[in-house]
$ cat run.cif   # mmCIF, C-alpha atoms
data_start
loop_
_atom_site.label_atom_id
_atom_site.label_comp_id
_atom_site.auth_asym_id
_atom_site.auth_seq_id
_atom_site.Cartn_x
_atom_site.Cartn_y
_atom_site.Cartn_z
CA MET A 1 27.47 33.62 3.11
CA LEU A 2 27.11 37.36 2.61
CA GLU A 3 24.85 38.86 -0.01
CA LEU A 4 26.81 41.23 -2.20
CA GLY A 5 25.93 43.84 -4.75
CA THR A 6 22.67 44.53 -3.06
CA ALA A 7 23.92 47.01 -0.47
CA PRO A 8 22.41 50.33 -1.50
CA GLU A 9 24.99 53.09 -1.67
CA GLU A 10 22.74 55.88 -0.41
CA PRO A 11 22.42 58.21 -3.38
CA CYS A 12 22.43 61.56 -1.57
CA LEU A 13 24.41 61.05 1.58
CA ARG A 14 25.16 64.41 3.16
CA ALA A 15 28.84 65.31 2.79
CA ASP A 16 29.78 64.77 6.44
CA ALA A 17 27.83 61.49 6.59
CA ALA A 18 29.60 60.31 3.43
CA ARG A 19 32.99 61.22 4.91
CA ASN A 20 32.00 59.38 8.07
CA ARG A 21 31.02 56.29 6.11
CA ALA A 22 34.26 56.34 4.11
CA ARG A 23 36.28 56.67 7.35
CA LEU A 24 34.50 53.68 8.86
CA LEU A 25 35.10 51.56 5.77
CA GLU A 26 38.77 52.53 5.70
CA ALA A 27 39.09 51.61 9.34
CA ALA A 28 37.45 48.24 8.67
CA ALA A 29 39.75 47.61 5.69
CA ARG A 30 42.80 48.38 7.86
CA LEU A 31 41.57 45.99 10.55
CA ILE A 32 41.18 43.21 7.98
CA ALA A 33 44.65 43.85 6.59
CA GLU A 34 46.10 43.65 10.10
CA HIS A 35 44.01 41.01 11.84
CA GLY A 36 41.99 39.20 9.16
CA VAL A 37 38.22 39.23 8.77
CA ALA A 38 37.86 37.87 12.31
CA GLY A 39 39.39 41.15 13.57
CA VAL A 40 36.45 43.16 12.28
CA THR A 41 33.96 43.75 15.04
CA MET A 42 31.63 46.74 15.30
CA GLU A 43 33.52 47.79 18.44
CA ALA A 44 36.95 47.53 16.81
CA VAL A 45 35.82 49.56 13.80
CA ALA A 46 34.27 52.24 16.02
CA SER A 47 37.41 52.49 18.09
CA ALA A 48 39.74 52.51 15.05
CA ALA A 49 37.66 55.27 13.41
CA ARG A 50 37.27 57.15 16.70
CA VAL A 51 33.50 57.26 16.63
CA GLY A 52 30.91 55.86 18.99
CA LYS A 53 29.81 52.25 18.53
CA GLY A 54 26.25 53.51 17.93
CA THR A 55 27.42 55.30 14.78
CA VAL A 56 28.75 52.05 13.29
CA PHE A 57 25.54 50.20 14.09
CA ARG A 58 23.37 53.03 12.71
CA ARG A 59 25.36 53.11 9.49
CA PHE A 60 25.71 49.36 8.73
CA GLY A 61 23.10 47.56 10.84
CA ASP A 62 25.37 44.69 11.82
CA ARG A 63 28.75 43.10 11.10
CA THR A 64 27.51 41.37 7.94
CA GLY A 65 26.18 44.71 6.69
CA LEU A 66 29.59 46.26 7.34
CA LEU A 67 31.48 43.50 5.48
CA MET A 68 28.99 43.75 2.60
CA ALA A 69 29.44 47.50 2.42
CA LEU A 70 33.20 47.04 2.43
CA LEU A 71 33.22 44.69 -0.55
CA ASP A 72 30.62 46.76 -2.33
CA HIS A 73 32.74 49.87 -1.76
CA SER A 74 35.89 48.28 -3.18
CA GLY A 75 33.93 46.74 -6.08
CA ARG A 76 32.54 50.17 -6.96
CA ARG A 77 35.99 51.72 -6.80
CA LEU A 78 37.35 49.08 -9.18
CA GLN A 79 34.38 49.61 -11.47
CA ALA A 80 34.90 53.38 -11.43
CA ASP A 81 38.56 52.78 -12.29
CA PHE A 82 37.93 50.58 -15.29
CA LEU A 83 34.92 52.55 -16.55
CA GLY A 84 36.25 56.08 -16.13
CA GLY A 85 39.67 56.10 -14.49
CA PRO A 86 43.02 56.83 -16.13
CA PRO A 87 44.42 54.44 -18.80
CA PRO A 88 45.51 51.72 -19.20
CA LEU A 89 42.72 50.44 -16.92
CA GLY A 90 40.29 53.16 -17.95
CA PRO A 91 39.29 54.43 -21.40
CA GLY A 92 41.97 55.87 -23.68
CA ALA A 93 44.29 52.85 -23.92
CA PRO A 94 43.87 50.19 -26.66
CA PRO A 95 41.42 47.45 -25.57
CA LEU A 96 44.17 44.82 -25.35
CA GLU A 97 46.13 46.96 -22.88
CA ARG A 98 42.97 47.66 -20.91
CA LEU A 99 42.23 43.94 -20.69
CA ARG A 100 45.75 43.21 -19.43
CA ALA A 101 45.50 45.99 -16.85
CA PHE A 102 42.04 44.83 -15.79
CA GLY A 103 43.23 41.34 -14.85
CA VAL A 104 46.23 42.64 -12.98
CA ALA A 105 44.01 45.08 -11.04
CA VAL A 106 41.51 42.33 -10.17
CA LEU A 107 44.30 39.94 -9.13
CA TYR A 108 45.89 42.35 -6.69
CA ARG A 109 42.57 43.61 -5.35
CA SER A 110 41.52 40.00 -4.68
CA ALA A 111 44.85 39.16 -3.10
CA GLU A 112 44.42 42.10 -0.72
CA GLN A 113 40.97 41.08 0.41
CA LEU A 114 41.11 37.34 -0.08
CA GLU A 115 39.55 36.40 3.22
CA LEU A 116 36.70 38.85 2.77
CA GLN A 117 36.04 37.73 -0.80
CA LEU A 118 36.09 34.05 0.17
CA ALA A 119 33.70 34.62 3.05
CA ALA A 120 31.39 36.38 0.61
CA GLN A 121 31.45 33.78 -2.22
CA PRO A 122 27.86 33.01 -3.14
CA GLU A 123 26.84 29.36 -3.28
CA ALA A 124 27.57 27.39 -6.47
CA CYS A 125 24.30 28.00 -8.28
CA ARG A 126 24.44 31.79 -7.74
CA ARG A 127 28.15 32.35 -8.27
CA PHE A 128 27.78 33.44 -11.89
CA SER A 129 24.49 35.32 -11.73
CA HIS A 130 25.77 37.67 -9.05
CA PRO A 131 25.51 41.40 -9.96
CA ALA A 132 29.12 42.09 -8.90
CA THR A 133 30.54 39.43 -11.22
CA GLN A 134 28.15 40.43 -13.99
CA ALA A 135 29.59 43.96 -14.05
CA LEU A 136 33.09 42.53 -14.51
CA ARG A 137 31.88 40.17 -17.22
CA THR A 138 30.16 42.94 -19.16
CA HIS A 139 33.40 44.91 -19.16
CA VAL A 140 35.61 42.00 -20.27
CA THR A 141 33.10 40.99 -22.97
CA MET A 142 33.04 44.56 -24.28
CA LEU A 143 36.86 44.67 -24.51
CA LEU A 144 37.03 41.23 -26.16
CA ARG A 145 34.48 42.30 -28.80
CA GLN A 146 36.88 45.06 -29.82
CA ILE A 147 39.89 42.72 -29.94
CA VAL A 148 38.47 39.43 -31.30
CA PRO A 149 35.05 40.34 -32.77
CA ASP A 150 34.61 36.90 -34.38
CA ALA A 151 35.03 34.92 -31.13
CA ASP A 152 32.31 33.85 -28.69
CA CYS A 153 33.34 36.78 -26.49
CA GLU A 154 30.78 36.10 -23.79
CA LEU A 155 32.12 32.60 -23.13
CA LEU A 156 35.74 33.76 -23.47
CA ALA A 157 34.98 36.41 -20.85
CA HIS A 158 33.72 33.68 -18.52
CA THR A 159 36.96 31.78 -18.99
CA LEU A 160 39.17 34.82 -18.43
CA LEU A 161 37.26 35.78 -15.28
CA ALA A 162 37.38 32.21 -13.99
CA SER A 163 41.16 32.49 -13.96
CA LEU A 164 40.74 35.48 -11.59
CA ASP A 165 38.35 33.68 -9.21
CA PRO A 166 39.22 34.62 -5.59
CA ALA A 167 38.92 30.95 -4.56
CA LEU A 168 41.51 30.04 -7.20
CA ILE A 169 43.83 32.90 -6.18
CA HIS A 170 43.50 31.70 -2.60
CA HIS A 171 44.36 28.14 -3.59
CA LEU A 172 47.37 29.14 -5.69
CA THR A 173 48.89 31.69 -3.33
CA ARG A 174 47.96 30.40 0.12
CA GLN A 175 47.67 26.65 -0.38
CA ARG A 176 50.29 26.25 -3.13
CA GLY A 177 52.55 29.13 -2.16
CA MET A 178 52.82 30.68 -5.64
CA PRO A 179 54.03 34.28 -5.80
CA MET A 180 51.63 36.89 -7.20
CA ALA A 181 54.16 37.68 -9.94
CA ARG A 182 53.59 34.21 -11.39
CA LEU A 183 49.82 34.72 -11.42
CA GLU A 184 50.28 38.11 -13.05
CA ALA A 185 52.57 36.66 -15.74
CA ALA A 186 50.09 33.83 -16.37
CA TRP A 187 47.27 36.38 -16.82
CA VAL A 188 49.26 38.41 -19.34
CA ASP A 189 50.17 35.19 -21.18
CA LEU A 190 46.55 33.98 -21.12
CA VAL A 191 45.28 37.27 -22.59
CA ALA A 192 47.87 36.99 -25.37
CA ARG A 193 46.87 33.40 -26.17
CA VAL A 194 43.14 34.01 -26.03
CA THR A 195 43.39 37.08 -28.27
CA ARG A 196 46.04 35.41 -30.48
CA THR A 197 48.40 38.35 -29.95
CA GLN A 198 52.01 38.53 -28.81
CA ARG A 199 52.90 38.97 -25.18
CA PRO A 200 54.22 42.49 -24.47
CA ALA A 201 58.03 42.62 -24.36
CA MET B 1 28.07 19.47 1.05
CA LEU B 2 29.20 16.00 0.16
CA GLU B 3 32.75 14.85 0.55
CA LEU B 4 34.03 13.42 -2.70
CA GLY B 5 37.00 11.41 -3.75
CA THR B 6 37.28 9.85 -0.34
CA ALA B 7 34.76 7.05 -0.83
CA PRO B 8 36.83 3.89 -0.78
CA GLU B 9 36.11 1.66 -3.77
CA GLU B 10 36.51 -1.66 -1.98
CA PRO B 11 39.56 -3.25 -3.61
CA CYS B 12 38.45 -6.88 -3.59
CA LEU B 13 34.70 -6.82 -3.72
CA ARG B 14 33.45 -10.32 -4.45
CA ALA B 15 32.09 -10.56 -7.98
CA ASP B 16 28.42 -10.79 -6.99
CA ALA B 17 28.79 -7.97 -4.46
CA ALA B 18 30.47 -5.82 -7.14
CA ARG B 19 27.65 -6.54 -9.58
CA ASN B 20 25.15 -5.68 -6.86
CA ARG B 21 26.89 -2.39 -6.16
CA ALA B 22 27.01 -1.49 -9.86
CA ARG B 23 23.29 -2.28 -10.19
CA LEU B 24 22.44 -0.04 -7.25
CA LEU B 25 24.52 2.83 -8.66
CA GLU B 26 22.91 2.45 -12.08
CA ALA B 27 19.47 2.50 -10.48
CA ALA B 28 20.39 5.66 -8.55
CA ALA B 29 21.72 7.31 -11.72
CA ARG B 30 18.46 6.49 -13.54
CA LEU B 31 16.42 7.95 -10.67
CA ILE B 32 18.43 11.18 -10.82
CA ALA B 33 18.00 11.42 -14.58
CA GLU B 34 14.24 10.98 -14.20
CA HIS B 35 13.42 12.78 -10.97
CA GLY B 36 16.47 14.86 -10.03
CA VAL B 37 18.66 14.38 -6.96
CA ALA B 38 15.60 14.78 -4.73
CA GLY B 39 14.23 11.56 -6.26
CA VAL B 40 17.09 9.52 -4.81
CA THR B 41 16.03 7.93 -1.55
CA MET B 42 17.37 4.66 -0.19
CA GLU B 43 13.89 3.18 -0.64
CA ALA B 44 13.55 4.32 -4.25
CA VAL B 45 16.98 2.91 -5.14
CA ALA B 46 16.21 -0.42 -3.46
CA SER B 47 12.92 -0.68 -5.26
CA ALA B 48 14.38 0.35 -8.65
CA ALA B 49 17.20 -2.20 -8.29
CA ARG B 50 14.81 -4.85 -6.90
CA VAL B 51 16.76 -5.48 -3.74
CA GLY B 52 15.81 -5.07 -0.11
CA LYS B 53 16.26 -1.65 1.51
CA GLY B 54 18.71 -3.22 3.97
CA THR B 55 21.08 -4.04 1.10
CA VAL B 56 21.26 -0.39 0.08
CA PHE B 57 21.89 0.73 3.66
CA ARG B 58 24.53 -1.96 4.19
CA ARG B 59 26.33 -0.97 1.01
CA PHE B 60 26.28 2.86 1.28
CA GLY B 61 25.52 3.72 4.89
CA ASP B 62 23.16 6.56 4.10
CA ARG B 63 21.88 8.74 1.27
CA THR B 64 24.96 10.98 1.32
CA GLY B 65 27.16 7.88 1.08
CA LEU B 66 25.14 6.75 -1.92
CA LEU B 67 25.42 10.11 -3.71
CA MET B 68 29.15 10.19 -2.93
CA ALA B 69 29.62 6.70 -4.32
CA LEU B 70 27.70 7.70 -7.43
CA LEU B 71 29.91 10.68 -8.21
CA ASP B 72 33.01 8.76 -7.30
CA HIS B 73 31.93 5.95 -9.62
CA SER B 74 31.37 8.27 -12.56
CA GLY B 75 34.60 10.16 -11.81
CA ARG B 76 36.55 6.89 -11.85
CA ARG B 77 34.92 5.86 -15.13
CA LEU B 78 35.91 9.18 -16.71
CA GLN B 79 39.43 8.79 -15.32
CA ALA B 80 39.68 5.25 -16.68
CA ASP B 81 38.52 6.56 -20.06
CA PHE B 82 41.10 9.31 -20.34
CA LEU B 83 43.93 7.28 -18.81
CA GLY B 84 43.43 4.02 -20.64
CA GLY B 85 40.32 4.09 -22.83
CA PRO B 86 40.20 4.26 -26.61
CA PRO B 87 41.47 7.38 -28.43
CA PRO B 88 40.88 10.25 -28.89
CA LEU B 89 40.10 10.51 -25.15
CA GLY B 90 42.57 7.81 -24.19
CA PRO B 91 46.21 7.28 -25.21
CA GLY B 92 47.06 6.86 -28.89
CA ALA B 93 45.70 10.13 -30.26
CA PRO B 94 47.86 13.29 -30.48
CA PRO B 95 47.75 15.31 -27.21
CA LEU B 96 45.82 18.18 -28.84
CA GLU B 97 43.05 15.81 -29.93
CA ARG B 98 43.02 14.20 -26.50
CA LEU B 99 42.67 17.61 -24.86
CA ARG B 100 39.74 18.50 -27.12
CA ALA B 101 38.05 15.18 -26.42
CA PHE B 102 38.67 15.53 -22.69
CA GLY B 103 36.78 18.82 -22.44
CA VAL B 104 33.87 17.54 -24.49
CA ALA B 105 33.65 14.42 -22.31
CA VAL B 106 33.75 16.48 -19.09
CA LEU B 107 31.15 18.93 -20.44
CA TYR B 108 28.61 16.25 -21.28
CA ARG B 109 29.27 14.24 -18.14
CA SER B 110 28.68 17.38 -16.04
CA ALA B 111 25.57 18.29 -18.00
CA GLU B 112 24.16 14.84 -17.27
CA GLN B 113 24.76 15.04 -13.53
CA LEU B 114 24.58 18.76 -12.98
CA GLU B 115 22.37 18.63 -9.90
CA LEU B 116 24.51 15.99 -8.26
CA GLN B 117 27.73 17.83 -9.04
CA LEU B 118 26.36 21.13 -7.75
CA ALA B 119 25.15 19.54 -4.54
CA ALA B 120 28.64 18.11 -4.10
CA GLN B 121 30.65 21.30 -4.77
CA PRO B 122 33.10 21.75 -1.91
CA GLU B 123 33.21 25.13 -0.22
CA ALA B 124 35.28 27.90 -1.81
CA CYS B 125 38.55 27.30 0.02
CA ARG B 126 38.55 23.56 -0.77
CA ARG B 127 37.28 23.68 -4.34
CA PHE B 128 40.72 23.44 -5.92
CA SER B 129 42.47 21.13 -3.47
CA HIS B 130 39.88 18.43 -3.93
CA PRO B 131 41.30 15.02 -5.03
CA ALA B 132 38.72 14.63 -7.81
CA THR B 133 39.64 17.95 -9.43
CA GLN B 134 43.35 17.31 -8.87
CA ALA B 135 43.20 14.15 -11.00
CA LEU B 136 41.65 16.13 -13.87
CA ARG B 137 44.23 18.88 -13.49
CA THR B 138 47.15 16.45 -13.56
CA HIS B 139 45.85 15.03 -16.82
CA VAL B 140 45.29 18.41 -18.50
CA THR B 141 48.69 19.67 -17.32
CA MET B 142 50.36 16.55 -18.74
CA LEU B 143 48.68 17.06 -22.14
CA LEU B 144 49.51 20.79 -22.20
CA ARG B 145 53.19 20.03 -21.48
CA GLN B 146 53.29 17.99 -24.67
CA ILE B 147 51.58 20.69 -26.73
CA VAL B 148 52.97 23.96 -25.32
CA PRO B 149 56.04 22.98 -23.27
CA ASP B 150 57.15 26.60 -22.78
CA ALA B 151 53.88 27.75 -21.20
CA ASP B 152 52.95 27.80 -17.50
CA CYS B 153 50.98 24.60 -18.09
CA GLU B 154 49.83 24.23 -14.52
CA LEU B 155 48.10 27.61 -14.52
CA LEU B 156 46.78 27.11 -18.06
CA ALA B 157 45.28 23.81 -16.87
CA HIS B 158 43.52 25.68 -14.07
CA THR B 159 42.04 28.09 -16.59
CA LEU B 160 40.91 25.35 -18.97
CA LEU B 161 39.30 23.40 -16.15
CA ALA B 162 37.61 26.52 -14.81
CA SER B 163 35.75 26.78 -18.11
CA LEU B 164 34.35 23.28 -17.40
CA ASP B 165 33.24 24.08 -13.83
CA PRO B 166 29.84 22.43 -13.17
CA ALA B 167 28.57 25.66 -11.56
CA LEU B 168 29.43 27.55 -14.76
CA ILE B 169 27.82 24.90 -16.98
CA HIS B 170 24.74 25.13 -14.77
CA HIS B 171 24.66 28.91 -15.11
CA LEU B 172 25.13 28.89 -18.88
CA THR B 173 22.71 26.10 -19.74
CA ARG B 174 20.02 26.37 -17.06
CA GLN B 175 20.06 30.04 -16.12
CA ARG B 176 21.06 31.47 -19.53
CA GLY B 177 19.53 28.79 -21.73
CA MET B 178 22.61 28.19 -23.91
CA PRO B 179 22.67 24.94 -25.91
CA MET B 180 25.43 22.43 -25.11
CA ALA B 181 26.64 22.70 -28.71
CA ARG B 182 27.67 26.31 -28.03
CA LEU B 183 29.64 25.28 -24.93
CA GLU B 184 31.29 22.50 -26.90
CA ALA B 185 32.27 24.87 -29.72
CA ALA B 186 33.62 27.36 -27.17
CA TRP B 187 35.76 24.63 -25.59
CA VAL B 188 37.24 23.59 -28.94
CA ASP B 189 37.92 27.25 -29.75
CA LEU B 190 39.47 27.86 -26.32
CA VAL B 191 41.82 24.90 -26.71
CA ALA B 192 42.91 26.21 -30.11
CA ARG B 193 43.56 29.71 -28.75
CA VAL B 194 45.37 28.57 -25.63
CA THR B 195 47.61 26.20 -27.62
CA ARG B 196 47.97 28.70 -30.48
CA THR B 197 46.79 26.10 -32.97
CA GLN B 198 44.03 26.18 -35.57
CA ARG B 199 40.54 24.98 -34.83
CA PRO B 200 39.77 21.64 -36.48
CA ALA B 201 37.83 22.05 -39.75
#
$ encode --input "run.cif" --output "structure tokens"
Amino acid sequence: MLELGTAPEEPCLRADAARNRARLLEAAARLIAEHGVAGVTMEAVASAARVGKGTVFRRFGDRTGLLMALLDHSGRRLQADFLGGPPPLGPGAPPLERLRAFGVAVLYRSAEQLELQLAAQPEACRRFSHPATQALRTHVTMLLRQIVPDADCELLAHTLLASLDPALIHHLTRQRGMPMARLEAAWVDLVARVTRTQRPA
Amino acid sequence: MLELGTAPEEPCLRADAARNRARLLEAAARLIAEHGVAGVTMEAVASAARVGKGTVFRRFGDRTGLLMALLDHSGRRLQADFLGGPPPLGPGAPPLERLRAFGVAVLYRSAEQLELQLAAQPEACRRFSHPATQALRTHVTMLLRQIVPDADCELLAHTLLASLDPALIHHLTRQRGMPMARLEAAWVDLVARVTRTQRPA
């Protein structure tokens, strides 16, 4: 099990070091897309990013540190998108549209990094107290409060997020062979039901 | 991790052996209620059920076998209740009432055996393919098909069951201190929203 959400994004990384870090993470993400999580070794990342192996070790410590940083990086990007990116995911769109867009974004992000997310799932009694999932929950709760202020929005947010659980997406797409389009349609339908609104045409 | 749903309930246990087994399982359940899962040792169960230690070992093999049998036993009881017990959980009540009663029954059963259920959670990539959860899903899907035949009932069933996940109940009640009554009310509300019906008065 990896520990997530605890990897410190160094606050004042010098510009070239930050570029270096981003290049390494992109290289690691490409390796995962091509060869699965098993394909990510410190050597492979160094070679794919055309830097020395020492640079990768200095930056991430070890392979677990690299995988952690990778998930943390993509989690922060998603967070930046829904907190301050363009609508409908970011501010500016009505909350119902933002909620729809949020689920679709999480679904496809999870589908892209399913192996990594599964490897990083915390054990049962820490799954819901994890900082990374808490940030998502805060966002969904905030949107729900604007749409259905009389509901128990905190518990509804738990339910909505549970339907986006990477382990569930893995089961449905890999073990049951469902296409992502079906999961996306089910999310849009679930949001409509939970908020007692109509599905978009 | 325990393996669940695979413990064979011996089909033709002789009556006295069956009574013996039931007594041992009841003793184990009492021990868990009083001292937590850690309180269940083969010795403690033997002593609580007033049988020799050898009987417990012969019946369950080892402590894991005993815990498995315990969960399997309670899972089968729940299944018997919703498949053939009295309404509203069992047949005879309208499907919407059965669905409501199902969630409440699962919630309180999980709350009673939270430690045991958490200890037995399969790893992420097997959580949803597990026979015990599949039986629950089949039931919820069947009820949903009678209430909202046009919906993607299979995926809605996943969502409803995710809101009853023992790890979530653990988080909400033990880590967040929410009362069970709030979880129960949220379930009833969720069922109403998902089925686009009114909450019962």
$ residues_around --input "run.cif" --residues "A:Ala49" --least-positions-apart "6" --cutoff "7 Å" --atoms "all atoms listed in the file" --output "number ranges by chain"
A: 23-24, 27
$ resolve_selection --input "run.cif" --expression "the PyMOL selection byres ((chain A) within 8 of (chain B))" --output "PyMOL selection string"
chain A and resi 118+121+124-129+152+155-156+158-160+162-163+167-168+170-171+183+186+190+193-196
$ closest_residue --input "run.cif" --among "A:Leu116, A:Val104, A:Ala48, A:Val188" --to "A:Ser74" --atoms "all atoms listed in the file"
A:Leu116
$ closest_residue --input "run.cif" --among "B:Gln79, B:Thr55, B:Thr41, B:Ser110" --to "B:Leu67" --atoms "all atoms listed in the file"
B:Thr41
$ atom_distance --input "run.cif" --atom1 "atom CA of A:Asp81" --atom2 "atom CA of A:Pro149"
24.2 Å
$ atom_distance --input "run.cif" --atom1 "atom CA of B:Arg137" --atom2 "atom CA of A:Leu107"
21.5 Å
$ residues_around --input "run.cif" --residues "A:Asp62" --least-positions-apart "6" --cutoff "10 Å" --atoms "all atoms listed in the file" --output "JSON, numbers by chain"
{"A": [41, 42, 56, 68]}
$ atom_distance --input "run.cif" --atom1 "atom CA of B:Pro95" --atom2 "atom CA of B:Asp72"
25.6 Å
$ axis_aligned_box --input "run.cif" --around "stretch 29-38 of chain A" --padding-each-side "5 Å" --output "AutoDock Vina command-line options"
--center_x 42.0 --center_y 43.1 --center_z 9.0 --size_x 18.2 --size_y 20.5 --size_z 16.6
$ residues_near_point --input "run.cif" --point "(31.7, 2.0, -7.8)" --cutoff "9 Å" --atoms "all atoms listed in the file" --output "PyMOL selection string"
chain B and resi 8-10+18+21-22+25+69-74+76-77
$ residues_around --input "run.cif" --residues "A:Lys53" --least-positions-apart "3" --cutoff "9 Å" --atoms "only C-alpha atoms" --output "PyMOL selection string"
chain A and resi 42-47+56-58
$ closest_residue --input "run.cif" --among "B:Gly52, B:Gly75, B:Pro94, B:Gly177" --to "B:Pro131" --atoms "only C-alpha atoms"
B:Gly75
$ decode --input "run.cif" --residues "stretch 111-150 of chain A" --atoms "C-alpha atoms" --output "compact mmCIF listing (two decimals), in the first residue's frame"
# COMPACT_ATOMS: atom_id res chain seq x y z
CA ALA A 111 -9.87 4.73 -15.86
CA GLU A 112 -6.56 6.09 -17.14
CA GLN A 113 -4.65 5.26 -13.99
CA LEU A 114 -6.62 2.33 -12.68
CA GLU A 115 -3.66 0.15 -11.84
CA LEU A 116 -1.89 2.94 -10.02
CA GLN A 117 -5.00 3.92 -8.08
CA LEU A 118 -5.72 0.32 -7.09
CA ALA A 119 -2.16 -0.23 -5.92
CA ALA A 120 -2.52 2.90 -3.81
CA GLN A 121 -5.91 2.12 -2.19
CA PRO A 122 -5.53 2.56 1.55
CA GLU A 123 -6.71 -0.27 3.78
CA ALA A 124 -10.42 -0.45 4.67
CA CYS A 125 -10.33 1.57 7.88
CA ARG A 126 -8.41 4.46 6.29
CA ARG A 127 -10.12 4.55 2.91
CA PHE A 128 -12.50 7.37 3.83
CA SER A 129 -10.27 9.45 6.08
CA HIS A 130 -7.64 9.86 3.39
CA PRO A 131 -6.77 13.51 2.56
CA ALA A 132 -7.08 12.92 -1.20
CA THR A 133 -10.64 11.59 -0.92
CA GLN A 134 -11.54 14.26 1.62
CA ALA A 135 -10.74 17.02 -0.89
CA LEU A 136 -13.11 15.42 -3.41
CA ARG A 137 -15.80 15.01 -0.77
CA THR A 138 -15.58 18.64 0.33
CA HIS A 139 -16.09 19.72 -3.27
CA VAL A 140 -19.07 17.43 -3.93
CA THR A 141 -20.68 18.38 -0.59
CA MET A 142 -20.28 22.08 -1.44
CA LEU A 143 -21.97 21.60 -4.84
CA LEU A 144 -24.79 19.50 -3.35
CA ARG A 145 -25.49 22.19 -0.73
CA GLN A 146 -26.18 24.61 -3.57
CA ILE A 147 -28.44 22.15 -5.42
CA VAL A 148 -30.31 20.32 -2.63
CA PRO A 149 -29.77 22.43 0.52
CA ASP A 150 -32.30 20.42 2.55
